[in-house]
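Next comes model-v5.cif, a file with mmCIF, C-alpha atoms and all ligand atoms.
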data_my_file
loop_
_atom_site.label_atom_id
_atom_site.label_comp_id
_atom_site.auth_asym_id
_atom_site.auth_seq_id
_atom_site.Cartn_x
_atom_site.Cartn_y
_atom_site.Cartn_z
CA MET A 1 14.42 57.05 -39.72
CA ILE A 2 18.18 57.28 -39.30
CA CYS A 3 21.08 55.27 -40.68
CA VAL A 4 22.20 52.60 -38.19
CA LEU A 5 25.80 53.05 -39.37
CA CYS A 6 26.31 56.83 -39.42
CA GLN A 7 23.05 58.22 -37.95
CA GLY A 8 22.44 60.23 -41.12
CA PRO A 9 18.91 60.70 -42.52
CA LEU A 10 17.45 57.82 -44.55
CA GLN A 11 15.41 58.37 -47.69
CA PRO A 12 13.17 55.86 -49.51
CA HIS A 13 14.98 54.48 -52.55
CA LEU A 14 13.35 51.23 -53.80
CA LYS A 15 10.77 48.66 -52.80
CA LYS A 16 11.12 44.95 -53.44
CA ALA A 17 9.37 41.75 -52.37
CA GLY A 18 11.60 39.34 -50.48
CA ALA A 19 12.09 35.59 -50.77
CA ASP A 20 9.73 35.42 -47.77
CA LYS A 21 7.04 37.29 -49.82
CA LYS A 22 7.22 40.27 -47.47
CA MET A 23 7.63 43.72 -48.99
CA TYR A 24 10.86 45.48 -48.05
CA SER A 25 11.85 49.10 -48.46
CA VAL A 26 15.41 49.84 -49.44
CA MET A 27 16.40 53.14 -47.81
CA ARG A 28 19.39 55.26 -48.85
CA CYS A 29 21.43 57.26 -46.35
CA ALA A 30 21.87 60.87 -47.44
CA LYS A 31 25.10 61.13 -45.44
CA CYS A 32 27.15 57.93 -45.99
CA SER A 33 25.18 56.71 -49.06
CA VAL A 34 24.73 53.15 -47.75
CA TRP A 35 21.46 51.41 -48.65
CA GLN A 36 19.75 49.43 -45.92
CA ILE A 37 16.57 47.42 -45.88
CA ASP A 38 13.60 48.27 -43.72
CA PRO A 39 12.58 46.42 -41.67
CA LEU A 40 15.94 44.85 -40.77
CA PRO A 41 15.28 41.11 -40.30
CA SER A 42 15.54 39.67 -36.79
CA GLU A 43 18.24 37.15 -35.90
CA GLY A 44 15.63 34.39 -35.91
CA GLU A 45 14.45 35.29 -39.42
CA LEU A 46 18.03 35.34 -40.69
CA ALA A 47 18.88 32.01 -39.05
CA ALA A 48 15.88 30.47 -40.82
CA LEU A 49 17.18 31.82 -44.16
CA TYR A 50 20.56 30.16 -43.76
CA GLN A 51 19.27 26.66 -43.20
CA SER A 52 21.12 24.27 -45.45
CA GLU A 53 18.67 24.67 -48.34
CA TYR A 54 20.16 28.09 -48.95
CA PHE A 55 23.45 26.54 -50.01
CA LYS A 56 22.08 23.50 -51.85
CA VAL A 57 19.19 24.63 -53.97
CA ARG A 58 19.99 26.65 -57.03
CA SER A 59 18.10 29.91 -57.22
CA ASP A 60 18.98 33.51 -57.90
CA ARG A 61 20.08 33.64 -54.30
CA GLY A 62 21.94 30.87 -52.46
CA TYR A 63 24.61 28.69 -54.02
CA ALA A 64 24.23 25.41 -55.86
CA ASP A 65 26.05 22.62 -54.05
CA TYR A 66 28.55 25.01 -52.54
CA ALA A 67 30.97 22.37 -51.26
CA SER A 68 31.70 20.87 -54.71
CA GLU A 69 35.05 20.70 -56.54
CA LYS A 70 33.65 22.81 -59.36
CA ILE A 71 32.78 25.61 -56.95
CA TYR A 72 36.27 25.28 -55.40
CA ARG A 73 37.86 26.05 -58.77
CA SER A 74 35.61 29.04 -59.38
CA VAL A 75 36.15 30.43 -55.84
CA VAL A 76 39.92 30.09 -56.21
CA ALA A 77 39.94 31.73 -59.65
CA THR A 78 38.16 34.79 -58.23
CA LEU A 79 40.34 34.75 -55.11
CA GLU A 80 43.58 34.74 -57.12
CA LYS A 81 42.37 37.61 -59.32
CA ASN A 82 41.38 39.66 -56.28
CA LEU A 83 44.68 38.96 -54.52
CA ARG A 84 46.66 40.14 -57.55
CA ASP A 85 44.70 43.39 -57.62
CA LEU A 86 45.33 43.82 -53.87
CA HIS A 87 49.10 43.49 -54.49
CA PHE A 88 49.02 40.50 -52.17
CA PRO A 89 51.95 38.48 -53.64
CA ALA A 90 54.55 41.17 -52.81
CA TRP A 91 53.15 41.65 -49.30
CA GLU A 92 53.05 37.90 -48.71
CA ASN A 93 56.73 37.68 -49.69
CA SER A 94 57.57 40.32 -47.08
CA LEU A 95 56.05 38.23 -44.29
CA GLY A 96 58.12 35.61 -42.48
CA GLU A 97 57.40 31.92 -42.12
CA ASN A 98 54.77 32.43 -39.43
CA LYS A 99 51.85 34.09 -41.13
CA SER A 100 48.29 33.70 -40.00
CA LEU A 101 44.94 34.03 -41.70
CA LEU A 102 41.42 34.18 -40.35
CA GLU A 103 38.50 33.97 -42.77
CA VAL A 104 35.26 35.23 -41.28
CA GLY A 105 32.29 33.70 -43.12
CA CYS A 106 34.26 30.90 -44.81
CA ALA A 107 31.36 28.59 -45.86
CA ALA A 108 33.03 25.27 -46.84
CA GLY A 109 36.49 26.87 -46.58
CA HIS A 110 37.62 26.79 -50.21
CA ALA A 111 39.72 29.94 -49.84
CA VAL A 112 41.02 28.82 -46.43
CA ALA A 113 42.32 25.62 -48.06
CA TRP A 114 44.11 27.68 -50.69
CA PHE A 115 45.94 29.74 -48.04
CA ALA A 116 46.78 26.66 -45.96
CA GLN A 117 48.39 25.05 -49.01
CA ARG A 118 50.65 28.09 -49.33
CA GLY A 119 51.96 27.64 -45.79
CA TRP A 120 49.65 30.03 -43.93
CA HIS A 121 48.36 29.13 -40.47
CA ALA A 122 44.79 29.39 -41.63
CA LEU A 123 41.49 29.28 -39.79
CA GLY A 124 38.01 29.61 -41.23
CA MET A 125 34.90 30.42 -39.22
CA ASP A 126 31.23 30.29 -40.10
CA ILE A 127 27.87 29.57 -38.48
CA ALA A 128 26.64 27.49 -41.46
CA HIS A 129 26.71 24.00 -39.92
CA GLU A 130 26.59 21.87 -43.06
CA MET A 131 29.21 23.95 -44.84
CA ILE A 132 31.64 23.66 -41.93
CA GLU A 133 31.04 19.91 -41.70
CA ALA A 134 31.66 19.50 -45.45
CA GLY A 135 34.89 21.51 -45.19
CA LYS A 136 36.12 19.62 -42.13
CA LYS A 137 35.50 16.33 -43.92
CA ALA A 138 37.88 17.58 -46.59
CA GLY A 139 40.49 18.17 -43.85
CA ARG A 140 40.17 21.94 -43.75
CA PRO A 141 40.97 23.97 -40.58
CA LEU A 142 37.48 25.29 -39.89
CA VAL A 143 35.46 26.04 -36.79
CA GLU A 144 31.69 26.42 -36.46
CA ALA A 145 31.28 29.48 -34.28
CA ASP A 146 29.73 32.91 -34.00
CA PHE A 147 32.53 35.37 -34.77
CA LEU A 148 31.21 37.97 -32.32
CA GLN A 149 31.07 35.44 -29.44
CA HIS A 150 34.10 33.24 -30.12
CA ASP A 151 37.02 33.33 -27.66
CA PHE A 152 40.22 33.87 -29.67
CA GLY A 153 42.44 34.06 -26.58
CA ALA A 154 45.61 35.98 -27.42
CA ALA A 155 45.51 35.09 -31.13
CA ARG A 156 46.16 37.90 -33.60
CA PHE A 157 46.09 37.55 -37.38
CA ASP A 158 48.23 39.02 -40.16
CA LEU A 159 45.35 38.78 -42.57
CA ILE A 160 41.60 38.67 -41.99
CA THR A 161 39.43 38.01 -45.05
CA HIS A 162 35.72 38.57 -45.36
CA TRP A 163 34.47 37.74 -48.84
CA ALA A 164 30.94 38.70 -49.94
CA THR A 165 29.55 38.50 -46.41
CA LEU A 166 29.32 42.01 -44.94
CA GLU A 167 26.14 42.73 -46.92
CA HIS A 168 24.42 39.87 -45.02
CA LEU A 169 25.14 41.19 -41.53
CA PRO A 170 22.82 43.48 -39.53
CA GLN A 171 25.80 43.74 -37.11
CA ALA A 172 28.24 44.81 -39.86
CA GLU A 173 29.76 47.49 -37.63
CA ALA A 174 30.36 45.07 -34.72
CA PHE A 175 32.04 42.64 -37.13
CA LEU A 176 34.46 45.29 -38.39
CA ARG A 177 35.26 46.46 -34.84
CA ARG A 178 36.03 42.90 -33.74
CA MET A 179 38.19 42.27 -36.81
CA ARG A 180 40.23 45.34 -35.94
CA THR A 181 40.95 44.07 -32.41
CA LEU A 182 42.13 40.72 -33.87
CA LEU A 183 44.52 42.28 -36.38
CA ALA A 184 48.27 41.84 -35.75
CA GLU A 185 50.59 44.87 -35.99
CA GLY A 186 50.81 45.75 -39.70
CA GLY A 187 47.99 43.33 -40.48
CA LYS A 188 45.41 43.75 -43.23
CA ILE A 189 41.74 43.09 -43.77
CA TYR A 190 40.59 42.12 -47.28
CA LEU A 191 36.88 42.45 -47.80
CA SER A 192 34.54 42.22 -50.77
CA THR A 193 30.90 43.17 -51.03
CA CYS A 194 28.43 44.29 -53.69
CA ASN A 195 28.83 47.85 -54.94
CA THR A 196 25.93 50.26 -55.45
CA GLY A 197 27.40 51.93 -58.53
CA TYR A 198 26.28 52.25 -62.13
CA PHE A 199 24.78 48.75 -62.49
CA ALA A 200 22.76 48.96 -59.29
CA ARG A 201 21.20 52.19 -60.55
CA ARG A 202 20.69 50.91 -64.10
CA TYR A 203 19.01 47.63 -63.13
CA GLY A 204 16.96 48.99 -60.23
CA THR A 205 14.96 46.26 -58.49
CA ALA A 206 16.28 43.72 -61.04
CA TRP A 207 19.91 44.28 -59.96
CA ARG A 208 21.43 40.83 -59.39
CA TYR A 209 22.60 41.62 -55.86
CA LEU A 210 19.40 43.26 -54.66
CA ASN A 211 18.37 40.18 -52.70
CA VAL A 212 16.09 41.04 -49.81
CA PRO A 213 16.05 40.34 -46.99
CA GLU A 214 19.35 38.35 -46.96
CA HIS A 215 21.39 41.33 -48.14
CA VAL A 216 20.65 43.95 -45.50
CA PHE A 217 23.31 46.56 -46.39
CA TYR A 218 24.49 47.70 -49.81
CA PHE A 219 27.79 49.60 -49.73
CA ASN A 220 29.97 51.60 -52.06
CA ARG A 221 33.47 53.01 -51.63
CA LYS A 222 32.25 56.04 -49.68
CA SER A 223 30.07 54.18 -47.18
CA LEU A 224 32.79 51.55 -46.66
CA ARG A 225 35.39 54.24 -45.95
CA MET A 226 33.11 56.03 -43.48
CA LEU A 227 32.20 52.82 -41.66
CA ALA A 228 35.84 51.68 -41.57
CA GLU A 229 37.00 54.99 -40.07
CA LYS A 230 34.28 54.82 -37.44
CA CYS A 231 35.70 51.40 -36.48
CA GLY A 232 39.33 52.62 -36.30
CA LEU A 233 40.33 51.35 -39.73
CA LYS A 234 41.56 53.12 -42.84
CA LEU A 235 40.68 52.25 -46.41
CA VAL A 236 44.02 51.70 -48.14
CA ARG A 237 42.90 50.38 -51.52
CA ALA A 238 39.67 49.73 -53.41
CA PHE A 239 38.78 48.33 -56.81
CA SER A 240 35.69 46.92 -58.43
CA TYR A 241 34.78 44.16 -60.84
CA GLY A 242 31.63 42.59 -62.34
CA SER A 243 29.31 44.07 -64.94
CA GLY A 244 25.91 42.88 -63.84
CA PHE A 245 26.14 39.76 -66.05
CA THR A 246 25.85 36.63 -63.90
CA THR A 247 27.89 33.56 -64.85
CA ARG A 248 25.40 31.14 -66.42
CA GLU A 249 25.83 27.51 -67.25
CA ASN A 250 25.42 26.71 -70.95
CA ALA A 251 25.18 30.38 -71.86
CA SER A 252 25.02 31.25 -75.54
CA TRP A 253 28.17 32.57 -77.22
CA TRP A 254 26.41 35.96 -77.57
CA TYR A 255 25.71 36.16 -73.82
CA ARG A 256 29.30 35.15 -73.04
CA ALA A 257 30.67 37.71 -75.50
CA GLN A 258 28.57 40.51 -73.99
CA LYS A 259 29.63 39.48 -70.49
CA HIS A 260 33.31 39.38 -71.52
CA VAL A 261 33.25 42.91 -72.95
CA ALA A 262 31.09 44.35 -70.16
CA ASP A 263 33.31 42.81 -67.44
CA ARG A 264 36.37 44.44 -68.96
CA LEU A 265 34.70 47.84 -69.35
CA ALA A 266 33.39 47.73 -65.76
CA ARG A 267 36.86 46.95 -64.52
CA PHE A 268 38.48 49.71 -66.56
CA PHE A 269 35.98 52.36 -65.46
CA LEU A 270 35.85 51.18 -61.80
CA THR A 271 32.09 50.75 -62.04
CA GLY A 272 31.86 47.02 -61.27
CA ASP A 273 29.03 45.84 -59.06
CA MET A 274 31.43 44.08 -56.67
CA ILE A 275 33.95 46.12 -54.69
CA VAL A 276 37.09 44.79 -53.02
CA ILE A 277 38.90 46.81 -50.36
CA GLU A 278 41.97 46.61 -48.16
CA LEU A 279 41.79 47.99 -44.60
CA GLN A 280 44.51 48.56 -42.02
CA HIS A 281 44.70 50.08 -38.54
CA LEU A 282 43.90 53.80 -38.67
ZN ZN B 301 24.69 56.44 -43.16
#
Take the structure I supplied and represent it as structure tokens, if you would.
Ligand SMILES: [Zn+2]
Amino acid sequence: MICVLCQGPLQPHLKKAGADKKMYSVMRCAKCSVWQIDPLPSEGELAALYQSEYFKVRSDRGYADYASEKIYRSVVATLEKNLRDLHFPAWENSLGENKSLLEVGCAAGHAVAWFAQRGWHALGMDIAHEMIEAGKKAGRPLVEADFLQHDFGAARFDLITHWATLEHLPQAEAFLRRMRTLLAEGGKIYLSTCNTGYFARRYGTAWRYLNVPEHVFYFNRKSLRMLAEKCGLKLVRAFSYGSGFTTRENASWWYRAQKHVADRLARFFLTGDMIVIELQHL
């Protein structure tokens, strides 16, 4: 077997049963170090996964009531932290009045709403019907469409964001290539995904982001850089956060204390299990 991203040799790494009770192999590429699941799910299987239940029912995967106000506040808190680490405020100040944002995989459009409030011409896109409907009801500039098929006309964007989505996409490479063609001169792509660093190795099959088959690719800084360069993009900046401790409701003070310390250590040592990167034209 060869890596679908770099054509390097794949080696067996882990095995895990999926939400669909099928057994999946997680293979690791010896060349670019990406992990990918085998077999890759078909488009039909993935579409079935993302029926609305995925976003409504609380489980280790999926998101509880994703369109709620409470989730808005938590999405925005993470967004603002990430933007500070990406040195976004200074760059934003350097842009004129007419600045445009496209969010690919926007769900209910919480982050899109945040940008729109700051004066950005913002557009969010997703294929999740109920999410888009919920966001539109809240007056958000969203469109239900397949990013790879949608006709953008002559539109180009100063910023394209893609938060915690790339790991879901069997066509990850096609998504990055299309984002590049939609980037304005001097534009940036901000992208986050889970990071196969220390915590992924330590927790093995119990790693919180090892969700098969909905997460099909598992990246790190190296595999992201190689994939970006293949798509005509350069990796300008990367940082990580997250220590493997999931945010839990009604957690004990001891759990919260451990999470607090571990989050800070992960950040300091760049070993977080989420990675955030900035890409620009190569
Ligand atoms: Zn590879």
Item to complete: Please identify every polymer residue within 8 Å of ligand ZN 301 (chain B), using only C-alpha atoms and all ligand atoms, and present the set as a list in words.
Response: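 Those residues are Ile2, Cys3, Val4, Leu5, Cys6, Gln7, Gly8, Pro9, Leu10, Arg28, Cys29, Ala30, Lys31, Cys32, Ser33, Val34 and Ser223 of chain A.
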Worksheet entry | Counting only C-alpha atoms, the option among A:Ala47, A:Leu14, A:Val236, A:Ile277 closest to Cys194 of chain A |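 Looking only at the distances to Cys194 of chain A, the closest residue turns out to be A:Ile277.
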Discussion item. I want to know what sits within 8 Å of Val26 of chain A, based on all atoms listed in the file, with residues of the same chain fewer than 4 positions away left out; could you give that as a list in words?
Written reply: Pro12, His13, Leu14, Lys15, Lys16, Trp35, Gln36, Ile37 and Asp38 of chain A
Please tabulate, as JSON lines, the residues of segment 213-270 of chain A that come within 9 Å of segment 72-96 of chain A, each with its closest pair of atoms and the distance in Å to one decimal, counting only C-alpha atoms and ordering rows by chain, then residue number upward.
{"residue": "A:Arg237", "atom": "CA", "partner": "A:Leu86", "partner_atom": "CA", "distance": 7.4}
{"residue": "A:Ala238", "atom": "CA", "partner": "A:Leu86", "partner_atom": "CA", "distance": 8.2}
{"residue": "A:Phe239", "atom": "CA", "partner": "A:Asp85", "partner_atom": "CA", "distance": 7.8}
Item to complete: May I have the residues within 9 Å of Tyr209 of chain A as a ChimeraX atom specification, using only C-alpha atoms and disregarding those fewer than 3 positions away in the same chain?
Response: /A:61,194-195,200,206,212,215,218,244,273
Practice prompt. Could you please give me, as number ranges by chain, the residues of protein, DNA or RNA lying at most 6 Å from (35.4, 48.1, -61.2) in the coordinate frame of the file, considering only C-alpha atoms?
Written response: A: 239-241, 266-267, 270-272
Worksheet entry | Option closest in space to Glu43 of chain A, from A:His168, A:Gly124, A:Leu233, A:Trp207 [counting all atoms listed in the file] |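 For Glu43 of chain A, the nearest of the candidates is A:His168.
Computed from the coordinates, the atom CA of Leu46 of chain A to atom CA of His162 of chain A distance equals 18.6 Å.
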Item to complete: Identify which of the residues A:Phe115, A:Ala251, A:Phe245, A:Val276 lies closest to Tyr203 of chain A, counting only C-alpha atoms when measuring atom-to-atom distances.
Response: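 Nearest candidate to Tyr203 of chain A out of A:Phe115, A:Ala251, A:Phe245, A:Val276: A:Phe245.
The residue that comes closest to His129 of chain A, out of A:Pro39, A:Pro213, A:Ala172, A:Ala107 and on the basis of only C-alpha atoms, is A:Ala107.
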